[in-house]
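*Asks:* Take a look at final32.txt, compact mmCIF, C-alpha atoms:
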```
# COMPACT_ATOMS: atom_id res chain seq x y z
CA MET Q 167 257.43 -96.82 65.86
CA ILE Q 168 254.82 -94.83 63.93
CA GLU Q 169 254.51 -91.16 64.84
CA LEU Q 170 251.45 -89.20 63.70
CA ASP Q 171 251.90 -85.70 65.07
CA ASN Q 172 251.73 -86.27 68.86
CA PHE Q 173 250.27 -89.77 68.60
CA PHE Q 174 252.50 -92.86 68.68
CA TYR Q 175 251.85 -96.47 67.63
CA SER Q 176 253.99 -99.60 67.55
CA ASN Q 177 253.00 -100.77 64.06
CA ASP Q 178 250.13 -100.84 61.55
CA SER Q 179 248.21 -103.38 63.64
CA ASP Q 180 248.38 -100.99 66.57
CA VAL Q 181 247.08 -98.15 64.38
CA ILE Q 182 244.15 -100.29 63.19
CA ALA Q 183 243.36 -101.36 66.76
CA ARG Q 184 243.29 -97.70 67.82
CA PHE Q 185 241.00 -96.87 64.87
CA LYS Q 186 238.51 -99.49 66.08
CA GLU Q 187 238.82 -98.22 69.64
CA LEU Q 188 238.03 -94.65 68.55
CA ILE Q 189 234.86 -95.66 66.69
CA SER Q 190 233.60 -98.00 69.42
CA PRO Q 191 230.17 -97.14 70.88
CA ASP Q 192 231.89 -97.23 74.28
CA ASN Q 193 233.62 -94.04 73.14
CA GLU Q 194 230.40 -92.38 71.89
CA LYS Q 195 230.46 -89.50 74.38
CA MET Q 196 233.85 -88.48 72.95
CA PHE Q 197 232.93 -88.62 69.24
CA ARG Q 198 232.95 -84.82 68.99
CA ASN Q 199 236.14 -84.34 71.01
CA ALA Q 200 238.58 -82.19 69.02
CA VAL Q 201 241.70 -84.15 70.01
CA LEU Q 202 240.16 -87.52 69.16
CA ASN Q 203 238.83 -86.16 65.86
CA LYS Q 204 242.34 -85.02 65.00
CA GLU Q 205 243.73 -88.45 65.84
CA PHE Q 206 240.96 -90.14 63.81
CA ARG Q 207 241.75 -88.02 60.73
CA LEU Q 208 245.50 -88.63 61.08
CA ILE Q 209 244.93 -92.38 61.32
CA CYS Q 210 242.68 -92.32 58.24
CA GLN Q 211 245.29 -90.35 56.29
CA TYR Q 212 248.08 -92.70 57.37
CA LEU Q 213 246.22 -95.91 56.52
CA ASP Q 214 245.07 -94.44 53.20
CA GLY Q 215 248.65 -93.48 52.38
CA GLN Q 216 249.82 -97.00 53.18
CA GLY Q 217 247.32 -98.44 50.69
CA TYR Q 218 244.77 -99.77 53.17
CA ARG Q 219 241.06 -100.00 52.45
CA ILE Q 220 238.19 -101.17 54.65
CA THR Q 221 236.14 -103.73 52.73
CA GLN Q 222 232.83 -102.64 54.25
CA PHE Q 223 233.59 -98.91 53.78
CA PRO Q 224 235.93 -98.70 50.76
CA ASN Q 225 236.21 -94.90 50.64
CA ILE Q 226 236.16 -93.89 54.30
CA LEU Q 227 239.95 -93.69 54.75
CA HIS Q 228 240.22 -91.43 51.71
CA THR Q 229 237.48 -88.99 52.71
CA SER Q 230 237.58 -86.31 55.40
CA SER Q 231 234.72 -87.73 57.47
CA SER Q 232 234.50 -86.70 61.12
CA LEU Q 233 234.66 -89.28 63.89
CA HIS Q 234 230.98 -88.76 64.75
CA SER Q 235 229.86 -88.93 61.12
CA PHE Q 236 231.55 -92.28 60.57
CA ALA Q 237 231.32 -93.94 63.98
CA TYR Q 238 227.69 -92.99 64.56
CA ASN Q 239 225.92 -92.10 61.31
CA GLN Q 240 227.65 -94.30 58.72
CA ILE Q 241 228.05 -97.33 60.98
CA ARG Q 242 224.34 -97.27 61.88
CA SER Q 243 223.32 -96.70 58.25
CA TYR Q 244 225.41 -99.69 57.14
CA ILE Q 245 223.73 -101.91 59.72
CA HIS Q 246 220.27 -100.68 58.63
CA THR Q 247 221.12 -101.57 55.03
CA LYS Q 248 222.56 -105.00 55.81
CA ARG Q 249 219.59 -106.10 57.91
CA ASN Q 250 217.16 -104.38 55.50
CA SER Q 251 215.27 -102.63 58.28
CA ILE Q 252 215.49 -99.33 60.14
CA GLY Q 253 215.03 -98.78 63.85
CA THR Q 254 217.26 -98.91 66.87
CA VAL Q 255 220.82 -100.10 66.33
CA THR Q 256 222.18 -101.65 69.49
CA TRP Q 257 225.68 -101.13 70.82
CA ASP Q 258 226.26 -104.85 70.41
CA GLU Q 259 225.43 -104.64 66.69
CA ARG Q 260 227.89 -101.80 66.30
CA ARG Q 261 230.59 -103.64 68.24
CA GLN Q 262 230.14 -106.75 66.08
CA LEU Q 263 230.49 -104.73 62.88
CA ILE Q 264 233.55 -102.87 64.18
CA MET Q 265 235.23 -106.14 65.21
CA ALA Q 266 234.51 -107.55 61.73
CA LEU Q 267 235.91 -104.57 59.78
CA ASP Q 268 238.25 -106.01 57.17
CA PHE Q 269 241.36 -103.93 56.48
CA ILE Q 270 243.06 -104.92 53.24
CA LYS Q 271 246.32 -103.52 51.91
CA GLN Q 272 246.59 -102.95 48.19
CA ASP Q 273 249.81 -102.48 46.26
CA GLY Q 274 250.26 -99.80 43.63
CA ALA Q 275 247.92 -97.03 42.60
CA VAL Q 276 244.32 -97.44 43.72
CA LEU Q 277 241.40 -96.00 41.82
CA LEU Q 278 238.56 -95.38 44.25
CA VAL Q 279 235.08 -96.45 43.23
CA PRO Q 280 232.53 -93.72 44.08
CA ASP Q 281 229.87 -94.66 46.62
CA ASP Q 282 226.96 -94.36 44.17
CA LEU Q 283 228.73 -96.69 41.75
CA GLN Q 284 229.47 -99.09 44.62
CA THR Q 285 225.71 -99.24 45.25
CA ILE Q 286 225.08 -100.28 41.64
CA ILE Q 287 227.88 -102.84 41.80
CA ARG Q 288 226.49 -104.45 44.96
CA LYS Q 289 222.99 -104.63 43.51
CA ILE Q 290 224.29 -106.36 40.40
CA SER Q 291 226.77 -108.64 42.18
CA LEU Q 292 225.59 -112.24 42.46
CA ARG Q 293 226.66 -112.29 46.13
CA ASP Q 294 226.11 -108.67 47.22
CA ALA Q 295 229.87 -108.03 47.09
CA THR Q 296 231.62 -104.68 46.97
CA TRP Q 297 234.16 -104.05 44.23
CA GLU Q 298 237.03 -104.77 46.63
CA GLN Q 299 235.55 -108.13 47.69
CA GLN Q 300 235.32 -109.53 44.16
CA THR Q 301 237.78 -111.80 42.38
CA ASP Q 302 239.27 -110.67 39.07
CA ASP Q 303 236.82 -112.84 37.09
CA GLU Q 304 233.92 -111.43 39.11
CA LYS Q 305 235.14 -107.89 38.48
CA LEU Q 306 235.22 -108.49 34.73
CA ARG Q 307 231.70 -109.91 34.83
CA THR Q 308 230.61 -106.93 36.93
CA ILE Q 309 232.15 -104.47 34.47
CA ALA Q 310 230.19 -106.06 31.62
CA ASP Q 311 226.94 -106.07 33.61
CA VAL Q 312 227.30 -102.53 34.96
CA ILE Q 313 228.18 -101.11 31.53
CA GLU Q 314 224.91 -102.56 30.23
CA ASN Q 315 223.04 -101.22 33.28
CA LEU Q 316 224.43 -97.70 32.82
CA LEU Q 317 223.82 -97.65 29.07
CA LYS Q 318 220.20 -98.78 29.32
CA LEU Q 319 217.67 -95.94 29.50
CA PRO Q 320 214.25 -96.12 31.23
CA SER Q 321 212.68 -96.29 27.76
CA GLY Q 322 214.47 -99.57 27.12
CA LYS Q 323 216.72 -98.00 24.52
CA PHE Q 324 220.47 -97.68 24.95
CA LEU Q 325 222.40 -94.49 25.56
CA SER Q 326 224.13 -93.22 22.42
CA LEU Q 327 227.69 -92.13 23.10
CA ASN Q 328 230.13 -90.16 21.02
CA GLU Q 329 233.86 -89.66 21.14
CA ALA Q 330 233.49 -86.33 22.94
CA ASP Q 331 231.96 -88.13 25.94
CA PHE Q 332 235.40 -89.66 26.51
CA TYR Q 333 237.33 -86.52 25.53
CA GLY Q 334 238.38 -88.00 22.21
CA LEU Q 335 240.21 -90.91 23.83
CA PHE Q 336 237.61 -93.67 23.51
CA THR Q 337 234.99 -94.34 20.85
CA ASN Q 338 231.62 -96.05 20.89
CA GLU Q 339 233.04 -98.82 18.68
CA GLN Q 340 235.86 -99.42 21.14
CA LEU Q 341 233.30 -99.69 23.93
CA LYS Q 342 231.39 -102.28 21.89
CA ASN Q 343 234.63 -104.20 21.37
CA LEU Q 344 235.33 -104.17 25.11
CA ARG Q 345 231.84 -105.49 25.82
CA ARG Q 346 232.36 -108.30 23.30
CA GLN Q 347 235.64 -109.31 24.96
CA LEU Q 348 233.98 -109.42 28.38
CA GLN Q 349 231.08 -111.65 27.31
CA VAL Q 350 232.93 -114.84 28.28
CA PHE Q 351 232.90 -113.68 31.92
CA ARG Q 352 229.11 -113.42 31.90
CA HIS Q 353 228.66 -117.11 31.03
CA SER Q 354 229.71 -120.34 32.73
CA HIS Q 355 229.33 -122.86 29.91
CA GLU Q 356 232.38 -124.95 28.99
CA GLN Q 357 233.40 -122.91 25.93
CA ALA Q 358 233.33 -119.66 27.91
CA LEU Q 359 235.42 -121.17 30.71
CA GLU Q 360 237.96 -122.47 28.19
CA SER Q 361 238.17 -119.03 26.55
CA ARG Q 362 238.86 -117.38 29.90
CA THR Q 363 241.77 -119.75 30.48
CA SER Q 364 243.27 -119.71 26.98
CA GLU Q 365 242.76 -116.06 26.03
CA PHE Q 366 243.00 -114.12 29.30
CA ASP Q 367 246.20 -114.27 31.34
CA ASP Q 368 246.56 -112.29 34.58
CA SER Q 369 248.15 -109.32 32.82
CA ARG Q 370 245.28 -108.97 30.36
CA LYS Q 371 242.70 -109.33 33.12
CA LYS Q 372 244.36 -106.61 35.21
CA PHE Q 373 244.49 -104.29 32.21
CA LEU Q 374 240.80 -104.83 31.43
CA ILE Q 375 239.87 -104.28 35.08
CA HIS Q 376 241.75 -100.97 35.25
CA LEU Q 377 240.31 -99.85 31.91
CA GLY Q 378 236.85 -101.07 32.83
CA ILE Q 379 236.57 -99.22 36.13
CA VAL Q 380 237.66 -95.95 34.48
CA ILE Q 381 234.93 -96.44 31.88
CA LEU Q 382 232.33 -97.27 34.55
CA ILE Q 383 233.16 -94.11 36.48
CA ARG Q 384 232.85 -92.00 33.33
CA LEU Q 385 229.61 -93.69 32.20
CA ASN Q 386 228.17 -93.13 35.66
CA GLU Q 387 229.06 -89.42 35.41
CA ILE Q 388 227.39 -89.20 31.99
CA LYS Q 389 224.25 -90.98 33.26
CA GLU Q 390 224.06 -88.69 36.30
CA GLY Q 391 224.37 -85.68 33.99
CA LEU Q 392 221.34 -86.87 32.02
CA ASN Q 393 219.32 -87.30 35.22
CA ALA Q 394 220.30 -83.93 36.69
```
Starting from the file, lay out its structure as structure tokens.

*Replies:*
Amino acid sequence: MIELDNFFYSNDSDVIARFKELISPDNEKMFRNAVLNKEFRLICQYLDGQGYRITQFPNILHTSSSLHSFAYNQIRSYIHTKRNSIGTVTWDERRQLIMALDFIKQDGAVLLVPDDLQTIIRKISLRDATWEQQTDDEKLRTIADVIENLLKLPSGKFLSLNEADFYGLFTNEQLKNLRRQLQVFRHSHEQALESRTSEFDDSRKKFLIHLGIVILIRLNEIKEGLNA
């Protein structure tokens, strides 16, 4: 039995089912109800604490979004984006998306990818995949591609970094070395595939993924600072 304040659920599957019930368009008239908003936030906090993420909305469980904001605004916006057109979103479209929400449970510490960086990642992905949907090899390719995207200025030149940009912990030369290591994941010729197998075991891949996403987040912050 799972007890969240005055709300009770049999197991995690029951919690997830209730989450989908709360955000259903059939419940739209109650989206601003104080009790249901409390339950929605408690469910989000619980699932986030258990390591769950929603593939289509990777950060929603971690943020303090209201029931109305997510179930009405964000759901509709997601559908607009996926179909590449604005206009009326039907209840059936919303129901289909809610039924298809993919809850994944991740072990260990999770570093959240900011929404603006997720947008860049999806644009660059070969299959319009979020960070969470990608395989380890795809993530390493994405890291290499997004680093290049973030470093490239509108003038065509590349952003010049110094050690202070990474608080003395990472140098421009080390960044260049990381980019060189990741090159094999950007190519699919036989030599590159052999290098992936012979030089990169699972442990090394995981390390580079964790390091890479930290660097992407910091580079994105630096780039946003230049554009502010």

*Asks:* Please provide the set of residues having any atom within 9 Å of Phe173 in chain Q, restricted to only C-alpha atoms, with same-chain residues fewer than 4 positions apart removed, written as JSON, numbers by chain.

*Replies:* {"Q": [168, 169, 205, 208]}

*Asks:* Could you build a table of the residues in range 234-311 of chain Q lying no more than 8 Å from range 341-365 of chain Q, giving for each the nearest pair of atoms and their separation in Å rounded to one decimal place, using only C-alpha atoms, ordered by chain and ascending residue number, as a tab-separated table?

*Replies:*
```
residue	atom	partner	partner_atom	distance
Q:Asp303	CA	Q:Phe351	CA	6.5
Q:Glu304	CA	Q:Phe351	CA	7.6
Q:Leu306	CA	Q:Phe351	CA	6.3
Q:Arg307	CA	Q:Phe351	CA	4.9
Q:Ala310	CA	Q:Leu348	CA	6.0
Q:Asp311	CA	Q:Arg352	CA	7.9
```

*Asks:* Output as AutoDock Vina command-line options the centre and edge lengths (Å, one decimal) of the box along x, y and z of the file that holds every listed atom of range 286-295 of chain Q after adding 4 Å on each side.

*Replies:*
```
--center_x 226.4 --center_y -106.3 --center_z 43.8 --size_x 14.9 --size_y 20.0 --size_z 14.8
```

*Asks:* I'd like the contact shell of range 324-329 of chain Q - 10 Å cut-off, all atoms listed in the file, skipping same-chain residues fewer than 2 positions apart - returned as an MDAnalysis selection string.

*Replies:* chainID Q and resid 314:322 331:341 385 388:389

*Asks:* Residues within 12 Å of Ile270 in chain Q, please, as a ChimeraX atom specification. Count all atoms listed in the file; anything in the same chain fewer than 6 positions from it doesn't count.

*Replies:* /Q:178-179,182,213-214,216-224,227,298-299

*Asks:* Between CA of Gln300 in chain Q and CA of Val279 in chain Q, what is the distance in Å, rounded to a tenth?

*Replies:*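 Straight-line distance from CA of Gln300 in chain Q to CA of Val279 in chain Q works out to 13.1 Å.
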